[in-house]
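To keep things clear, I will list the structure first and then write my remarks on it.
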Amino acid sequence: GAVVSQHPSWVICKSGTSVKIECRSLDFQATTMFWYRQFPKQSLMLMATSNEGSKATYEQGVEKDKFLINHASLTLSTLTVTSAHPEDSSFYICSARPPGGGANGYTFGSGTRLTVV
Amino acid sequence: QQQVKQSPQSLIVQKGGIPIINCAYENTAFDYFPWYQQFPGKGPALLIAIRPDVSEKKEGRFTISFNKSAKQFSLHIMDSQPGDSATYFCAASVYTGNQFYFGTGTSLTVIP
């Protein structure tokens, strides 16, 4: 089945620094990937849609200058949290599906726990 | 506006019990209703899903019941085990679309 890999699985950074999170589709090409954010004991909230070769589409209320998304290849999307602050601490999850499939094809990555100190 | 409402927020059952988690949706365009299981520190994993053409789907110990007219669907876990302790999310989407709308999650604890 489709596999989506995220790296790192956890990261601790100092306030004011930037952190990059990678999302890779291991056995398929993904023209679109999705980034979610999840606070403790809460649901997944879609942050942005990452489009290969073009600009990402951000959901309302998500700062595009803080959460930079780059989808430079058909198997890799990156989320960079710039000038991170403690309130950016959260669990970030990506998802993707093989082309041509329906909603049942979506696979989620294992998530990245970001802690900003 | 919460597109998918989920209840209860938490649930504790004894081993062998049948926990039931309920979800309701508003948008009649939705035609794909998955349930995801999430363990702490992990991403959600697809457990079981249903399309509106059937009222029930069973996979192993997991069953989805779907009521199209009421716009509700539920997850039943038969013979629950301690290993089923996790957070369960329902979701809804348009099958040919991209966006999922998640419920608020249910934390299930199965006591040995």
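Convention: chains lettered A, B, ... in structure tokens order; per-chain residue numbering from 1; ligands numbered from 1 as shown.
The neighbours of Arg61 of chain B here are the residues that come within 7 Å of it, using only C-alpha atoms and leaving out any residue fewer than 3 positions away in the same chain; they are B:Ile77, B:Met78, B:Asp79.
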Once you have the residues from the selection above, write them out as a compact mmCIF listing (two decimals), in the first residue's frame, restricted to N, CA and C atoms.
```
# COMPACT_ATOMS: atom_id res chain seq x y z
N ILE B 77 -17.14 -1.31 17.94
CA ILE B 77 -15.98 -2.20 18.07
C ILE B 77 -16.42 -3.41 18.88
N MET B 78 -16.50 -4.54 18.23
CA MET B 78 -16.94 -5.76 18.90
C MET B 78 -15.79 -6.37 19.71
N ASP B 79 -16.15 -6.99 20.82
CA ASP B 79 -15.15 -7.70 21.63
C ASP B 79 -13.91 -6.84 21.81
```
>> Taking 6 positions as the minimum chain separation for residues in the same chain, which residues sit within 9 Å of Glu26 of chain B when counting only C-alpha atoms? Answer as an MDAnalysis selection string.
In response: chainID B and resid 2:5 71
Restricting the output to all heavy atoms, write the selected residues as a PDB file, in the first residue's frame.
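That gives us part-v5.pdb:
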```
ATOM      1  N   GLN B   2     -18.307  23.494  12.551  1.00  0.00           N
ATOM      2  CA  GLN B   2     -17.849  22.122  12.579  1.00  0.00           C
ATOM      3  C   GLN B   2     -18.664  21.306  11.584  1.00  0.00           C
ATOM      4  O   GLN B   2     -19.869  21.127  11.731  1.00  0.00           O
ATOM      5  CB  GLN B   2     -18.030  21.567  14.012  1.00  0.00           C
ATOM      6  CG  GLN B   2     -17.442  20.210  14.234  1.00  0.00           C
ATOM      7  CD  GLN B   2     -15.927  20.222  14.334  1.00  0.00           C
ATOM      8  OE1 GLN B   2     -15.338  21.203  14.748  1.00  0.00           O
ATOM      9  NE2 GLN B   2     -15.301  19.147  13.935  1.00  0.00           N
ATOM     10  N   GLN B   3     -17.992  20.802  10.566  1.00  0.00           N
ATOM     11  CA  GLN B   3     -18.694  20.065   9.518  1.00  0.00           C
ATOM     12  C   GLN B   3     -19.088  18.665   9.990  1.00  0.00           C
ATOM     13  O   GLN B   3     -20.069  18.103   9.502  1.00  0.00           O
ATOM     14  CB  GLN B   3     -17.783  19.955   8.295  1.00  0.00           C
ATOM     15  CG  GLN B   3     -17.488  21.284   7.630  1.00  0.00           C
ATOM     16  CD  GLN B   3     -18.456  21.558   6.500  1.00  0.00           C
ATOM     17  OE1 GLN B   3     -19.408  20.818   6.273  1.00  0.00           O
ATOM     18  NE2 GLN B   3     -18.210  22.625   5.765  1.00  0.00           N
ATOM     19  N   VAL B   4     -18.291  18.116  10.895  1.00  0.00           N
ATOM     20  CA  VAL B   4     -18.560  16.771  11.396  1.00  0.00           C
ATOM     21  C   VAL B   4     -18.527  16.817  12.925  1.00  0.00           C
ATOM     22  O   VAL B   4     -17.543  17.247  13.505  1.00  0.00           O
ATOM     23  CB  VAL B   4     -17.509  15.773  10.881  1.00  0.00           C
ATOM     24  CG1 VAL B   4     -17.780  14.380  11.440  1.00  0.00           C
ATOM     25  CG2 VAL B   4     -17.504  15.754   9.360  1.00  0.00           C
ATOM     26  N   LYS B   5     -19.607  16.388  13.529  1.00  0.00           N
ATOM     27  CA  LYS B   5     -19.689  16.391  14.989  1.00  0.00           C
ATOM     28  C   LYS B   5     -19.558  14.967  15.513  1.00  0.00           C
ATOM     29  O   LYS B   5     -20.229  14.057  14.996  1.00  0.00           O
ATOM     30  CB  LYS B   5     -21.013  17.011  15.445  1.00  0.00           C
ATOM     31  CG  LYS B   5     -21.141  18.476  15.058  1.00  0.00           C
ATOM     32  CD  LYS B   5     -22.441  19.082  15.528  1.00  0.00           C
ATOM     33  CE  LYS B   5     -22.522  20.550  15.123  1.00  0.00           C
ATOM     34  NZ  LYS B   5     -23.808  21.178  15.534  1.00  0.00           N
ATOM     35  N   LYS B  71     -28.176  11.589   8.332  1.00  0.00           N
ATOM     36  CA  LYS B  71     -26.813  12.115   8.172  1.00  0.00           C
ATOM     37  C   LYS B  71     -25.970  11.774   9.391  1.00  0.00           C
ATOM     38  O   LYS B  71     -25.324  12.654   9.997  1.00  0.00           O
ATOM     39  CB  LYS B  71     -26.853  13.621   7.896  1.00  0.00           C
ATOM     40  CG  LYS B  71     -27.477  13.949   6.541  1.00  0.00           C
ATOM     41  CD  LYS B  71     -27.334  15.418   6.164  1.00  0.00           C
ATOM     42  CE  LYS B  71     -28.272  16.265   6.973  1.00  0.00           C
ATOM     43  NZ  LYS B  71     -28.266  17.690   6.570  1.00  0.00           N
TER      44      LYS B  71
END
```
>> Could you work out which residues of chain B fall inside 8 Å of chain A? Count only C-alpha atoms, and format the result as a list in words.
In response: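 Residues passing the distance filter: Tyr32, Pro34, Gly41, Lys42, Gly43, Pro44, Ala45, Leu46, Ala49, Phe89, Ser93, Val94, Tyr95, Thr96, Gly97, Asn98, Phe102, Gly103, Thr104 and Gly105 of chain B.
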Once you have the residues from the selection above, write them out as a compact mmCIF listing (two decimals), in the first residue's frame, restricted to C-alpha atoms.
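Output file part_5.txt follows:
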```
# COMPACT_ATOMS: atom_id res chain seq x y z
CA TYR B 32 -17.04 9.02 1.85
CA PRO B 34 -13.82 6.95 7.07
CA GLY B 41 2.63 10.21 18.87
CA LYS B 42 1.54 8.60 15.61
CA GLY B 43 -0.36 9.73 12.59
CA PRO B 44 -3.93 8.53 12.03
CA ALA B 45 -4.38 5.22 10.26
CA LEU B 46 -7.43 4.29 8.22
CA ALA B 49 -14.70 3.47 5.68
CA PHE B 89 -11.63 10.13 14.51
CA SER B 93 -15.24 14.02 2.39
CA VAL B 94 -16.27 14.00 -1.21
CA TYR B 95 -14.78 10.82 -2.62
CA THR B 96 -13.33 12.54 -5.67
CA GLY B 97 -12.19 15.55 -3.68
CA ASN B 98 -9.19 16.23 -1.52
CA PHE B 102 -12.50 15.46 10.85
CA GLY B 103 -14.59 14.98 13.94
CA THR B 104 -13.20 16.11 17.27
CA GLY B 105 -12.04 12.64 18.26
```
>> Need the shell around Asp27 of chain A: protein/DNA/RNA residues with any atom at most 9 Å away, counting only C-alpha atoms. Skip same-chain ones fewer than 2 positions apart. Format as a list in words?
In response: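 Using only C-alpha atoms, the neighbours found are Gly1, Ala2, Val3, Val4, Ser25, Gln29, Thr75 and Pro98 of chain A.
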Let me see the file: selected residues, C-alpha atoms, as a compact mmCIF listing (two decimals), in the first residue's frame.
```txt
# COMPACT_ATOMS: atom_id res chain seq x y z
CA GLY A 1 0.00 0.00 0.00
CA ALA A 2 0.88 3.65 -0.24
CA VAL A 3 3.42 4.82 2.31
CA VAL A 4 4.01 8.38 3.44
CA SER A 25 5.67 9.58 -0.66
CA GLN A 29 4.17 10.20 -6.94
CA THR A 75 7.67 12.73 -3.87
CA PRO A 98 -1.49 7.96 -5.28
```
> From the list B:Asn67, B:Gln14, B:Gln6, B:Gln38, which residue is nearest Pro82 of chain B when using only C-alpha atoms?
Replying inline: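 Among the listed residues, B:Gln14 lies closest to Pro82 of chain B.
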>> Ranking A:Val81, A:Leu68, A:Val116, A:Val62 by minimum distance to Met47 of chain A and counting only C-alpha atoms, which one comes first?
In response: A:Val62
> Distance atom CA of Gly17 of chain B-atom CA of Phe33 of chain B, one decimal place?
Replying inline: 23.9 Å
> Which one is closest to Pro40 of chain B: B:Leu11, B:Ala92, B:Ile111, B:Ala86? Count only C-alpha atoms.
Replying inline: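 Closest candidate: B:Ala86.
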>> Could you list, as a list in words, every residue within 9 Å of Ala70 of chain B, counting only C-alpha atoms and ignoring same-chain residues fewer than 4 positions away?
In response: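 Contacts, in chain order: Ala24, Tyr25 and Phe66 of chain B.
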Keeping all heavy atoms, export the residues of the selection given above as a PDB file, in the first residue's frame.
```
ATOM      1  N   ALA B  24     -22.032  12.880  13.152  1.00  0.00           N
ATOM      2  CA  ALA B  24     -23.090  13.464  12.340  1.00  0.00           C
ATOM      3  C   ALA B  24     -22.467  14.506  11.428  1.00  0.00           C
ATOM      4  O   ALA B  24     -21.501  15.164  11.800  1.00  0.00           O
ATOM      5  CB  ALA B  24     -24.151  14.108  13.237  1.00  0.00           C
ATOM      6  N   TYR B  25     -23.011  14.621  10.238  1.00  0.00           N
ATOM      7  CA  TYR B  25     -22.472  15.572   9.278  1.00  0.00           C
ATOM      8  C   TYR B  25     -23.606  16.410   8.711  1.00  0.00           C
ATOM      9  O   TYR B  25     -24.782  16.064   8.822  1.00  0.00           O
ATOM     10  CB  TYR B  25     -21.717  14.839   8.157  1.00  0.00           C
ATOM     11  CG  TYR B  25     -22.584  13.930   7.313  1.00  0.00           C
ATOM     12  CD1 TYR B  25     -23.096  14.351   6.090  1.00  0.00           C
ATOM     13  CD2 TYR B  25     -22.882  12.630   7.739  1.00  0.00           C
ATOM     14  CE1 TYR B  25     -23.884  13.510   5.317  1.00  0.00           C
ATOM     15  CE2 TYR B  25     -23.677  11.790   6.979  1.00  0.00           C
ATOM     16  CZ  TYR B  25     -24.174  12.235   5.767  1.00  0.00           C
ATOM     17  OH  TYR B  25     -24.958  11.408   5.008  1.00  0.00           O
ATOM     18  N   PHE B  66     -24.462   3.264   8.953  1.00  0.00           N
ATOM     19  CA  PHE B  66     -24.646   4.526   8.256  1.00  0.00           C
ATOM     20  C   PHE B  66     -26.122   4.789   8.043  1.00  0.00           C
ATOM     21  O   PHE B  66     -26.860   3.922   7.561  1.00  0.00           O
ATOM     22  CB  PHE B  66     -23.911   4.476   6.911  1.00  0.00           C
ATOM     23  CG  PHE B  66     -23.977   5.753   6.127  1.00  0.00           C
ATOM     24  CD1 PHE B  66     -23.146   6.805   6.456  1.00  0.00           C
ATOM     25  CD2 PHE B  66     -24.867   5.906   5.086  1.00  0.00           C
ATOM     26  CE1 PHE B  66     -23.191   7.996   5.745  1.00  0.00           C
ATOM     27  CE2 PHE B  66     -24.927   7.082   4.362  1.00  0.00           C
ATOM     28  CZ  PHE B  66     -24.091   8.136   4.694  1.00  0.00           C
TER      29      PHE B  66
END
```
>> With DSSP run on the backbone, what are the strand (DSSP E) residues within chain B? I'd like them as a PyMOL selection string.
In response: chain B and resi 4-7+10-14+20-25+33-38+45-50+56-59+62-67+72-77+86-92+101-102+106-111
>> I'd like to know which of A:Ala30, A:Val117, A:Ile12, A:Cys23 is closest to Leu74 of chain A, using only C-alpha atoms.
In response: A:Ala30
> If you measure from atom CA of Phe73 of chain B to atom CA of Cys23 of chain B, what distance in Å do you get, rounded to one decimal?
Replying inline: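 Separating atom CA of Phe73 of chain B from atom CA of Cys23 of chain B is a distance of 5.4 Å.
Reported to one decimal place, the separation of atom CA of Asn70 of chain A from atom CA of Ser15 of chain A is 22.3 Å.
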>> Need the shell around Ala56 of chain A: protein/DNA/RNA residues with any atom at most 9 Å away, counting only C-alpha atoms. Skip same-chain ones fewer than 3 positions apart. Format as a PyMOL selection string?
In response: chain A and resi 48-52+64+68-71
Saved selection, atoms kept: N, CA and C atoms, as a CSV table (one decimal), in the first residue's frame:
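Written out: result-v8.csv:
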```csv
chain,number,residue,atom,x,y,z
A,48,ALA,N,-2.7,23.6,5.0
A,48,ALA,CA,-2.4,24.0,3.7
A,48,ALA,C,-2.3,22.8,2.7
A,49,THR,N,-2.6,23.1,1.5
A,49,THR,CA,-2.4,22.1,0.4
A,49,THR,C,-1.2,22.4,-0.4
A,50,SER,N,-0.3,21.4,-0.5
A,50,SER,CA,1.0,21.6,-1.1
A,50,SER,C,0.9,21.1,-2.6
A,51,ASN,N,1.2,21.9,-3.5
A,51,ASN,CA,1.0,21.6,-4.9
A,51,ASN,C,2.4,21.5,-5.6
A,52,GLU,N,2.7,20.4,-6.2
A,52,GLU,CA,4.0,20.2,-6.9
A,52,GLU,C,4.2,21.3,-8.0
A,64,LYS,N,1.0,32.2,5.9
A,64,LYS,CA,1.9,31.7,4.9
A,64,LYS,C,3.3,32.0,5.0
A,68,LEU,N,6.2,28.0,5.7
A,68,LEU,CA,6.6,27.9,4.3
A,68,LEU,C,6.5,26.5,3.8
A,69,ILE,N,5.8,26.3,2.7
A,69,ILE,CA,5.7,25.0,2.1
A,69,ILE,C,6.3,25.0,0.7
A,70,ASN,N,7.1,24.0,0.5
A,70,ASN,CA,7.8,23.8,-0.8
A,70,ASN,C,7.5,22.4,-1.3
A,71,HIS,N,7.0,22.2,-2.5
A,71,HIS,CA,6.8,20.9,-3.1
A,71,HIS,C,7.6,20.8,-4.3
```
